[in-house]
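All remarks here apply to the structure that follows.
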Number of protein chains: 2
Amino acid sequence: MEARIRHARPSDYGRIIGRVNVWWGGREMAPALPQLFFLHFDGTSFVAEDEDGELAGFLCGFLSQTREDEAYIHFVGVSPQRRGEGIGRSLYDQFFVEARKQGRSTVRCVTSPANQDSISFHNALGFDVERVAKDYDGPGEDRMLLVKRL
Amino acid sequence: MEARIRHARPSDYGRIIGRVNVWWGGREMAPALPQLFFLHFDGTSFVAEDEDGELAGFLCGFLSQTREDEAYIHFVGVSPQRRGEGIGRSLYDQFFVEARKQGRSTVRCVTSPANQDSISFHNALGFDVERVAKDYDGPGEDRMLLVKRL
C-alpha cells in the first residue's frame, strides 16, 4: 500500500509516541520526543500514512533559529513493517523541499556512529560526514554529525 | 555571589549535560536535552553563572514556528546549591524580554502535575494553569500546561 506524506499534526503525537519505543527495539526513546515538536514545528515535520490512515513513519525537524541558512532533522522513524519501501527517503525529500522553500541551504542531523544502516541511508540521501563527536549528546552519547547542502 | 545571565553558547552544553542528572536527583534527564537546543536556539536560551564562571543555572527556550505569537520554554535548571536566590526568576525574565523583542505575546511551558514547587514557582511568575493533560509527553507522562501573557 502506498504511503502518503503530509504535515504532522498535534493529534498525531499520541499514536506516534506509543510506538517509538517498540520501533526502536524496546529502547526508551520517548523522552527524546516530547510533544512540543508536533505543536511548534509541524511546518517542518511530516507523517507518512497508508490510505487507511495507518501510521507508516514520521519525521520531526525545524528551522535553526541561530543559523539562518540551516534546517535540522531531529527524529525520524519508519514502522519496522514498512522499511525498505522508500518511506524514509520520501520523508526526507519533503523536508528538503520545505527547508528550501524557507530559504535554507543546509540540512544537518546526527546519528549514532555505531548505526551502520543509518549512516548508509544518509549517505544515499547525499549527506556527508562532518566528524564523529565524542559525548556530543551527553556522557557516552557519541554522535556522527551529518550535513547536506540543498 | 551574584549570578550573571547571558545567552547560552554551544560550548556550555558539555558542562550542563554533565550535571542535569545530578541536579534532578539522579533521574536520567539527558535524553530530553540534546545539544541541538544550544546550537539552534541559543538566542532564546540563557545561562546563569558566577563571576568566576561557575554554572548556577540555565534555561532553554525557542520561538514557536507554528504559532507566530508564542514562545516556549523547554528546560530550566538551577544548581541545588543556588536555589532560593531568584536565579530561576532571572532566567525567565530574560526569556520574557527576548520573546517580547521577537514579537511574542504568549509564553507556554509544561511541568509535572506532581511537582508542587514548580507549580508554585510558575504561579509566582504569572503563569496560569490551562489544564492537566494525561499522557501529554508519552504514556504515563502527564503534564500541567502553563501559559503566561506578556
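Following the order of the C-alpha cells, chains are lettered A, B, ..., residues in each are numbered from 1, and ligands are numbered from 1.
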For region 131-140 of chain B, list every protein, DNA or RNA residue within 9 Å, evaluated using only C-alpha atoms, and leave out those in the same chain fewer than 4 positions away; present the list as a JSON list (two decimals) with N, CA and C atoms, in the first residue's frame.
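Result file around.json:
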[["chain", "number", "residue", "atom", "x", "y", "z"],
["A", 13, "TYR", "N", 0.59, 12.99, 17.73],
["A", 13, "TYR", "CA", 1.61, 12.68, 18.74],
["A", 13, "TYR", "C", 1.31, 11.41, 19.53],
["A", 14, "GLY", "N", 0.07, 11.29, 19.98],
["A", 14, "GLY", "CA", -0.28, 10.17, 20.86],
["A", 14, "GLY", "C", 0.04, 8.81, 20.26],
["A", 17, "ILE", "N", 4.02, 8.42, 19.78],
["A", 17, "ILE", "CA", 4.83, 8.21, 20.98],
["A", 17, "ILE", "C", 4.53, 6.85, 21.61],
["A", 18, "GLY", "N", 3.34, 6.33, 21.36],
["A", 18, "GLY", "CA", 3.03, 5.00, 21.85],
["A", 18, "GLY", "C", 3.78, 3.89, 21.12],
["A", 30, "ALA", "N", 11.02, 7.76, 24.18],
["A", 30, "ALA", "CA", 10.01, 8.80, 24.33],
["A", 30, "ALA", "C", 10.56, 10.11, 24.93],
["A", 31, "PRO", "N", 11.48, 10.07, 25.91],
["A", 31, "PRO", "CA", 11.96, 11.35, 26.46],
["A", 31, "PRO", "C", 12.60, 12.26, 25.42],
["A", 33, "LEU", "N", 11.50, 12.75, 22.50],
["A", 33, "LEU", "CA", 10.50, 13.24, 21.55],
["A", 33, "LEU", "C", 9.27, 13.77, 22.29],
["A", 34, "PRO", "N", 9.44, 14.90, 22.98],
["A", 34, "PRO", "CA", 8.27, 15.49, 23.65],
["A", 34, "PRO", "C", 7.28, 16.03, 22.62],
["A", 35, "GLN", "N", 6.07, 16.27, 23.06],
["A", 35, "GLN", "CA", 5.00, 16.72, 22.16],
["A", 35, "GLN", "C", 5.31, 18.05, 21.47],
["A", 36, "LEU", "N", 6.20, 18.83, 22.06],
["A", 36, "LEU", "CA", 6.47, 20.18, 21.52],
["A", 36, "LEU", "C", 6.82, 20.16, 20.04],
["B", 112, "SER", "N", 5.37, 18.87, 35.62],
["B", 112, "SER", "CA", 4.70, 17.70, 36.16],
["B", 112, "SER", "C", 3.62, 18.13, 37.15],
["B", 113, "PRO", "N", 2.41, 17.57, 37.06],
["B", 113, "PRO", "CA", 1.33, 17.94, 37.99],
["B", 113, "PRO", "C", 1.68, 17.57, 39.43],
["B", 144, "MET", "N", 1.10, 19.36, 33.38],
["B", 144, "MET", "CA", 0.30, 20.56, 33.60],
["B", 144, "MET", "C", 0.74, 21.59, 32.56],
["B", 145, "LEU", "N", -0.24, 22.11, 31.80],
["B", 145, "LEU", "CA", 0.07, 23.07, 30.74],
["B", 145, "LEU", "C", -0.07, 24.47, 31.30],
["B", 146, "LEU", "N", 0.98, 25.27, 31.16],
["B", 146, "LEU", "CA", 1.04, 26.60, 31.76],
["B", 146, "LEU", "C", 1.16, 27.66, 30.67]]
- Item | Neighbour list for region 115-128 of chain A as a VMD selection string, cut-off 9 Å, only C-alpha atoms, skip fewer than 5 positions in-chain | chain A and resid 88 to 89 92 to 93 107 to 108 144 to 149
Would you save the residues of that selection, restricted to N, CA and C atoms, as a PDB file, in the first residue's frame?
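Wrote result_23.pdb, looks like this:
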ATOM      1  N   GLY A  88      11.312   6.466   4.325  1.00  0.00           N
ATOM      2  CA  GLY A  88      12.274   7.382   4.947  1.00  0.00           C
ATOM      3  C   GLY A  88      12.762   8.421   3.956  1.00  0.00           C
ATOM      4  N   ARG A  89      13.122   7.940   2.766  1.00  0.00           N
ATOM      5  CA  ARG A  89      13.585   8.880   1.725  1.00  0.00           C
ATOM      6  C   ARG A  89      12.500   9.903   1.385  1.00  0.00           C
ATOM      7  N   TYR A  92      12.350  12.554   4.115  1.00  0.00           N
ATOM      8  CA  TYR A  92      13.476  13.498   3.997  1.00  0.00           C
ATOM      9  C   TYR A  92      13.276  14.431   2.800  1.00  0.00           C
ATOM     10  N   ASP A  93      12.826  13.867   1.656  1.00  0.00           N
ATOM     11  CA  ASP A  93      12.633  14.691   0.461  1.00  0.00           C
ATOM     12  C   ASP A  93      11.635  15.820   0.734  1.00  0.00           C
ATOM     13  N   VAL A 107      21.151  21.300   5.494  1.00  0.00           N
ATOM     14  CA  VAL A 107      20.410  20.476   6.451  1.00  0.00           C
ATOM     15  C   VAL A 107      21.411  19.678   7.265  1.00  0.00           C
ATOM     16  N   ARG A 108      21.233  19.688   8.567  1.00  0.00           N
ATOM     17  CA  ARG A 108      22.080  18.888   9.446  1.00  0.00           C
ATOM     18  C   ARG A 108      21.243  17.896  10.239  1.00  0.00           C
ATOM     19  N   MET A 144      27.691  10.933  15.166  1.00  0.00           N
ATOM     20  CA  MET A 144      28.233  11.301  13.872  1.00  0.00           C
ATOM     21  C   MET A 144      27.444  12.499  13.356  1.00  0.00           C
ATOM     22  N   LEU A 145      28.156  13.577  13.013  1.00  0.00           N
ATOM     23  CA  LEU A 145      27.497  14.806  12.552  1.00  0.00           C
ATOM     24  C   LEU A 145      27.422  14.779  11.032  1.00  0.00           C
ATOM     25  N   LEU A 146      26.213  14.937  10.511  1.00  0.00           N
ATOM     26  CA  LEU A 146      25.969  14.812   9.074  1.00  0.00           C
ATOM     27  C   LEU A 146      25.453  16.127   8.506  1.00  0.00           C
ATOM     28  N   VAL A 147      25.845  16.415   7.275  1.00  0.00           N
ATOM     29  CA  VAL A 147      25.419  17.672   6.644  1.00  0.00           C
ATOM     30  C   VAL A 147      25.117  17.431   5.178  1.00  0.00           C
ATOM     31  N   LYS A 148      24.098  18.120   4.709  1.00  0.00           N
ATOM     32  CA  LYS A 148      23.749  18.063   3.271  1.00  0.00           C
ATOM     33  C   LYS A 148      23.478  19.478   2.782  1.00  0.00           C
ATOM     34  N   ARG A 149      24.084  19.815   1.654  1.00  0.00           N
ATOM     35  CA  ARG A 149      23.801  21.114   1.021  1.00  0.00           C
ATOM     36  C   ARG A 149      22.637  20.929   0.063  1.00  0.00           C
TER      37      ARG A 149
END
- Message: When you look at Gln65 (chain B) with a cut-off of 8 Å (counting only C-alpha atoms), what residues show up, excluding the ones that are within fewer than 2 positions of it in the same chain? I need them as a VMD selection string.
- Response: (chain A and resid 40 to 43 62) or (chain B and resid 63 67 to 68)
- Message: Please report the interatomic distance between CA of Thr66 (chain B) and CA of Pro10 (chain A) in Å with one decimal.
- Response: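 According to the coordinates, CA of Thr66 (chain B) and CA of Pro10 (chain A) are separated by 11.0 Å.
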- Taking into account only C-alpha atoms, which residue in the set A:Glu51, A:Glu98, A:Glu28, A:Glu85 is nearest to chain B? A:Glu28
- Item | alpha helix (DSSP H) per DSSP on the backbone: members of chain A, as a PyMOL selection string | chain A and resi 13-23+36-40+87-101+116-124
Once you have the residues from the selection above, write them out as a compact mmCIF listing (two decimals), in the first residue's frame, restricted to N, CA, C and O atoms.
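Produced file part_3.txt, reproduced below:
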# COMPACT_ATOMS: atom_id res chain seq x y z
N TYR A 13 0.59 12.99 17.73
CA TYR A 13 1.61 12.68 18.74
C TYR A 13 1.31 11.41 19.53
O TYR A 13 2.18 10.56 19.71
N GLY A 14 0.07 11.29 19.98
CA GLY A 14 -0.28 10.17 20.86
C GLY A 14 0.04 8.81 20.26
O GLY A 14 0.68 7.97 20.89
N ARG A 15 -0.35 8.62 19.00
CA ARG A 15 -0.12 7.28 18.44
C ARG A 15 1.35 7.07 18.08
O ARG A 15 1.85 5.95 18.10
N ILE A 16 2.04 8.17 17.76
CA ILE A 16 3.47 8.02 17.44
C ILE A 16 4.25 7.68 18.71
O ILE A 16 5.04 6.73 18.73
N ILE A 17 4.02 8.42 19.78
CA ILE A 17 4.83 8.21 20.98
C ILE A 17 4.53 6.85 21.61
O ILE A 17 5.39 6.27 22.28
N GLY A 18 3.34 6.33 21.36
CA GLY A 18 3.03 5.00 21.85
C GLY A 18 3.78 3.89 21.12
O GLY A 18 3.80 2.75 21.56
N ARG A 19 4.40 4.23 19.99
CA ARG A 19 5.08 3.19 19.19
C ARG A 19 6.58 3.33 19.10
O ARG A 19 7.26 2.36 18.77
N VAL A 20 7.12 4.52 19.37
CA VAL A 20 8.55 4.70 19.08
C VAL A 20 9.42 3.73 19.89
O VAL A 20 10.39 3.21 19.36
N ASN A 21 9.07 3.48 21.13
CA ASN A 21 9.90 2.55 21.92
C ASN A 21 9.92 1.16 21.29
O ASN A 21 10.96 0.50 21.28
N VAL A 22 8.77 0.75 20.75
CA VAL A 22 8.69 -0.56 20.09
C VAL A 22 9.49 -0.54 18.78
O VAL A 22 10.28 -1.43 18.49
N TRP A 23 9.29 0.55 18.01
CA TRP A 23 10.01 0.65 16.74
C TRP A 23 11.52 0.65 16.94
O TRP A 23 12.27 0.23 16.08
N LEU A 36 6.20 18.83 22.06
CA LEU A 36 6.47 20.18 21.52
C LEU A 36 6.82 20.16 20.04
O LEU A 36 6.54 21.13 19.33
N PHE A 37 7.46 19.09 19.55
CA PHE A 37 7.83 19.05 18.14
C PHE A 37 6.61 19.02 17.24
O PHE A 37 6.65 19.49 16.10
N PHE A 38 5.50 18.46 17.73
CA PHE A 38 4.27 18.38 16.94
C PHE A 38 3.42 19.64 17.08
O PHE A 38 2.50 19.86 16.30
N LEU A 39 3.72 20.44 18.07
CA LEU A 39 2.95 21.67 18.31
C LEU A 39 3.61 22.89 17.68
O LEU A 39 2.94 23.77 17.18
N HIS A 40 4.94 22.94 17.78
CA HIS A 40 5.62 24.18 17.42
C HIS A 40 6.47 24.09 16.16
O HIS A 40 7.00 25.09 15.68
N ILE A 87 10.07 4.97 2.30
CA ILE A 87 9.28 5.93 3.08
C ILE A 87 10.19 6.94 3.78
O ILE A 87 9.91 8.14 3.81
N GLY A 88 11.31 6.47 4.32
CA GLY A 88 12.27 7.38 4.95
C GLY A 88 12.76 8.42 3.96
O GLY A 88 12.77 9.62 4.23
N ARG A 89 13.12 7.94 2.77
CA ARG A 89 13.58 8.88 1.73
C ARG A 89 12.50 9.90 1.38
O ARG A 89 12.79 11.10 1.25
N SER A 90 11.26 9.46 1.26
CA SER A 90 10.17 10.40 0.93
C SER A 90 10.00 11.45 2.02
O SER A 90 9.74 12.62 1.74
N LEU A 91 10.12 11.03 3.28
CA LEU A 91 10.00 11.98 4.40
C LEU A 91 11.12 13.02 4.33
O LEU A 91 10.87 14.22 4.47
N TYR A 92 12.35 12.55 4.11
CA TYR A 92 13.48 13.50 4.00
C TYR A 92 13.28 14.43 2.80
O TYR A 92 13.52 15.63 2.90
N ASP A 93 12.83 13.87 1.66
CA ASP A 93 12.63 14.69 0.46
C ASP A 93 11.64 15.82 0.73
O ASP A 93 11.83 16.96 0.33
N GLN A 94 10.55 15.50 1.44
CA GLN A 94 9.56 16.53 1.78
C GLN A 94 10.18 17.59 2.67
O GLN A 94 9.90 18.78 2.53
N PHE A 95 11.01 17.14 3.62
CA PHE A 95 11.68 18.11 4.49
C PHE A 95 12.61 19.02 3.67
O PHE A 95 12.64 20.23 3.88
N PHE A 96 13.36 18.42 2.73
CA PHE A 96 14.27 19.23 1.90
C PHE A 96 13.49 20.29 1.12
O PHE A 96 13.91 21.44 1.02
N VAL A 97 12.35 19.88 0.56
CA VAL A 97 11.52 20.81 -0.22
C VAL A 97 11.08 21.98 0.68
O VAL A 97 11.18 23.15 0.30
N GLU A 98 10.61 21.64 1.87
CA GLU A 98 10.12 22.69 2.78
C GLU A 98 11.26 23.59 3.24
O GLU A 98 11.11 24.81 3.32
N ALA A 99 12.41 22.99 3.56
CA ALA A 99 13.56 23.77 4.02
C ALA A 99 14.00 24.76 2.93
O ALA A 99 14.27 25.94 3.22
N ARG A 100 14.04 24.26 1.68
CA ARG A 100 14.44 25.14 0.56
C ARG A 100 13.44 26.29 0.42
O ARG A 100 13.82 27.43 0.24
N LYS A 101 12.16 25.95 0.54
CA LYS A 101 11.09 26.96 0.43
C LYS A 101 11.27 28.04 1.49
O LYS A 101 10.94 29.20 1.29
N GLN A 116 25.23 1.53 11.39
CA GLN A 116 25.69 1.48 10.01
C GLN A 116 24.53 1.65 9.03
O GLN A 116 24.69 2.28 7.98
N ASP A 117 23.36 1.12 9.37
CA ASP A 117 22.19 1.29 8.48
C ASP A 117 21.85 2.76 8.31
O ASP A 117 21.58 3.24 7.21
N SER A 118 21.87 3.50 9.43
CA SER A 118 21.55 4.92 9.37
C SER A 118 22.59 5.69 8.57
O SER A 118 22.27 6.57 7.77
N ILE A 119 23.86 5.33 8.77
CA ILE A 119 24.94 6.03 8.05
C ILE A 119 24.81 5.79 6.54
O ILE A 119 24.88 6.73 5.74
N SER A 120 24.54 4.55 6.16
CA SER A 120 24.37 4.22 4.73
C SER A 120 23.16 4.96 4.15
O SER A 120 23.23 5.49 3.03
N PHE A 121 22.08 4.99 4.92
CA PHE A 121 20.86 5.68 4.48
C PHE A 121 21.15 7.17 4.22
O PHE A 121 20.78 7.71 3.17
N HIS A 122 21.83 7.81 5.16
CA HIS A 122 22.12 9.23 5.00
C HIS A 122 23.10 9.48 3.85
O HIS A 122 22.98 10.47 3.12
N ASN A 123 24.08 8.60 3.67
CA ASN A 123 24.98 8.72 2.52
C ASN A 123 24.19 8.69 1.22
O ASN A 123 24.43 9.49 0.32
N ALA A 124 23.26 7.74 1.13
CA ALA A 124 22.47 7.59 -0.10
C ALA A 124 21.62 8.82 -0.38
O ALA A 124 21.29 9.12 -1.52
DSSP strand (DSSP E) residues within region 11-65 of chain A, as a short mmCIF file (atom, residue, chain, number, x, y, z; two decimals) with C-alpha atoms, in the first residue's frame:
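Written out: selection_21.cif:
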data_model
loop_
_atom_site.label_atom_id
_atom_site.label_comp_id
_atom_site.auth_asym_id
_atom_site.auth_seq_id
_atom_site.Cartn_x
_atom_site.Cartn_y
_atom_site.Cartn_z
CA PHE A 46 5.83 15.11 8.44
CA VAL A 47 3.85 11.93 8.82
CA ALA A 48 3.62 9.03 6.35
CA GLU A 49 0.42 7.03 6.47
CA LEU A 55 0.97 5.18 10.56
CA ALA A 56 3.96 4.21 8.39
CA GLY A 57 6.56 6.75 9.53
CA PHE A 58 7.29 10.31 10.66
CA LEU A 59 9.98 12.99 10.64
CA CYS A 60 10.42 15.88 13.11
CA GLY A 61 12.58 18.79 12.02
CA PHE A 62 12.84 22.55 12.44
CA LEU A 63 14.44 25.67 11.07
#
- Task: Provide the CA of Arg104 (chain A) to CA of Ala71 (chain A) distance in Å, to one decimal place.
- Result: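 Computing the Euclidean distance for CA of Arg104 (chain A) and CA of Ala71 (chain A) yields 6.2 Å.
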- Rank B:Trp24, B:Ser64, B:Arg6, B:Pro80 by their smallest atom-to-atom distance to Ser45 (chain B), using only C-alpha atoms, and report the top residue only.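 Going through B:Trp24, B:Ser64, B:Arg6, B:Pro80 one by one, the smallest distance to Ser45 (chain B) is for B:Arg6.
Between CA of Cys109 (chain A) and CA of Ala32 (chain B) lies a distance of 16.5 Å.
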Can you tell me, as a PDB file with N, CA, C and O atoms, in the first residue's frame, what residues are no more than 12 Å from Glu54 (chain B) when counting only C-alpha atoms, ignoring any on the same chain fewer than 6 positions away?
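Listed below is the output, out_33.pdb:
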ATOM      1  N   MET B   1      27.387  35.008  46.039  1.00  0.00           N
ATOM      2  CA  MET B   1      27.948  35.590  44.821  1.00  0.00           C
ATOM      3  C   MET B   1      26.831  35.805  43.804  1.00  0.00           C
ATOM      4  O   MET B   1      25.996  34.918  43.614  1.00  0.00           O
ATOM      5  N   GLU B   2      26.815  36.964  43.159  1.00  0.00           N
ATOM      6  CA  GLU B   2      25.716  37.238  42.249  1.00  0.00           C
ATOM      7  C   GLU B   2      25.887  36.480  40.926  1.00  0.00           C
ATOM      8  O   GLU B   2      27.014  36.375  40.421  1.00  0.00           O
ATOM      9  N   ALA B   3      24.780  35.981  40.417  1.00  0.00           N
ATOM     10  CA  ALA B   3      24.841  35.257  39.149  1.00  0.00           C
ATOM     11  C   ALA B   3      24.570  36.225  38.001  1.00  0.00           C
ATOM     12  O   ALA B   3      23.706  37.092  38.089  1.00  0.00           O
ATOM     13  N   ARG B   4      25.307  36.058  36.940  1.00  0.00           N
ATOM     14  CA  ARG B   4      25.179  36.877  35.747  1.00  0.00           C
ATOM     15  C   ARG B   4      24.443  36.029  34.696  1.00  0.00           C
ATOM     16  O   ARG B   4      24.722  34.835  34.541  1.00  0.00           O
ATOM     17  N   ILE B   5      23.469  36.654  34.019  1.00  0.00           N
ATOM     18  CA  ILE B   5      22.711  35.933  32.986  1.00  0.00           C
ATOM     19  C   ILE B   5      23.245  36.343  31.616  1.00  0.00           C
ATOM     20  O   ILE B   5      23.402  37.536  31.345  1.00  0.00           O
ATOM     21  N   ASP B  12      28.614  25.690  26.231  1.00  0.00           N
ATOM     22  CA  ASP B  12      28.042  25.455  27.572  1.00  0.00           C
ATOM     23  C   ASP B  12      27.497  24.040  27.721  1.00  0.00           C
ATOM     24  O   ASP B  12      27.321  23.547  28.838  1.00  0.00           O
ATOM     25  N   ARG B  15      29.224  21.006  30.020  1.00  0.00           N
ATOM     26  CA  ARG B  15      29.201  21.054  31.490  1.00  0.00           C
ATOM     27  C   ARG B  15      27.775  21.000  32.035  1.00  0.00           C
ATOM     28  O   ARG B  15      27.539  20.489  33.128  1.00  0.00           O
ATOM     29  N   ILE B  16      26.817  21.499  31.243  1.00  0.00           N
ATOM     30  CA  ILE B  16      25.429  21.434  31.704  1.00  0.00           C
ATOM     31  C   ILE B  16      24.931  19.989  31.685  1.00  0.00           C
ATOM     32  O   ILE B  16      24.384  19.497  32.672  1.00  0.00           O
ATOM     33  N   VAL B  47      22.181  31.216  30.211  1.00  0.00           N
ATOM     34  CA  VAL B  47      22.976  30.568  31.243  1.00  0.00           C
ATOM     35  C   VAL B  47      23.199  31.586  32.367  1.00  0.00           C
ATOM     36  O   VAL B  47      23.425  32.768  32.098  1.00  0.00           O
ATOM     37  N   ALA B  48      23.097  31.121  33.613  1.00  0.00           N
ATOM     38  CA  ALA B  48      23.444  31.947  34.774  1.00  0.00           C
ATOM     39  C   ALA B  48      24.759  31.415  35.333  1.00  0.00           C
ATOM     40  O   ALA B  48      24.885  30.209  35.570  1.00  0.00           O
ATOM     41  N   VAL B  78      18.365  24.920  37.896  1.00  0.00           N
ATOM     42  CA  VAL B  78      19.171  25.761  38.795  1.00  0.00           C
ATOM     43  C   VAL B  78      19.953  24.823  39.714  1.00  0.00           C
ATOM     44  O   VAL B  78      19.398  23.833  40.227  1.00  0.00           O
ATOM     45  N   SER B  79      21.216  25.112  39.895  1.00  0.00           N
ATOM     46  CA  SER B  79      22.065  24.308  40.779  1.00  0.00           C
ATOM     47  C   SER B  79      21.426  24.186  42.160  1.00  0.00           C
ATOM     48  O   SER B  79      20.969  25.182  42.730  1.00  0.00           O
ATOM     49  N   GLN B  81      22.674  24.089  44.930  1.00  0.00           N
ATOM     50  CA  GLN B  81      23.349  24.990  45.884  1.00  0.00           C
ATOM     51  C   GLN B  81      22.889  26.439  45.730  1.00  0.00           C
ATOM     52  O   GLN B  81      23.191  27.268  46.592  1.00  0.00           O
ATOM     53  N   ARG B  82      22.232  26.752  44.627  1.00  0.00           N
ATOM     54  CA  ARG B  82      21.884  28.149  44.351  1.00  0.00           C
ATOM     55  C   ARG B  82      20.375  28.378  44.311  1.00  0.00           C
ATOM     56  O   ARG B  82      19.921  29.406  43.812  1.00  0.00           O
TER      57      ARG B  82
END
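In this comparison, which uses only C-alpha atoms, the residue of A:Glu141, A:Arg83, A:Ala114, A:Gly26 approaching chain B most closely is A:Glu141.
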- Message: Just checking: using only C-alpha atoms, which residue out of B:Leu150, B:Ala8, B:Val76, B:Met29 ends up closest to chain A?
- Response: B:Met29
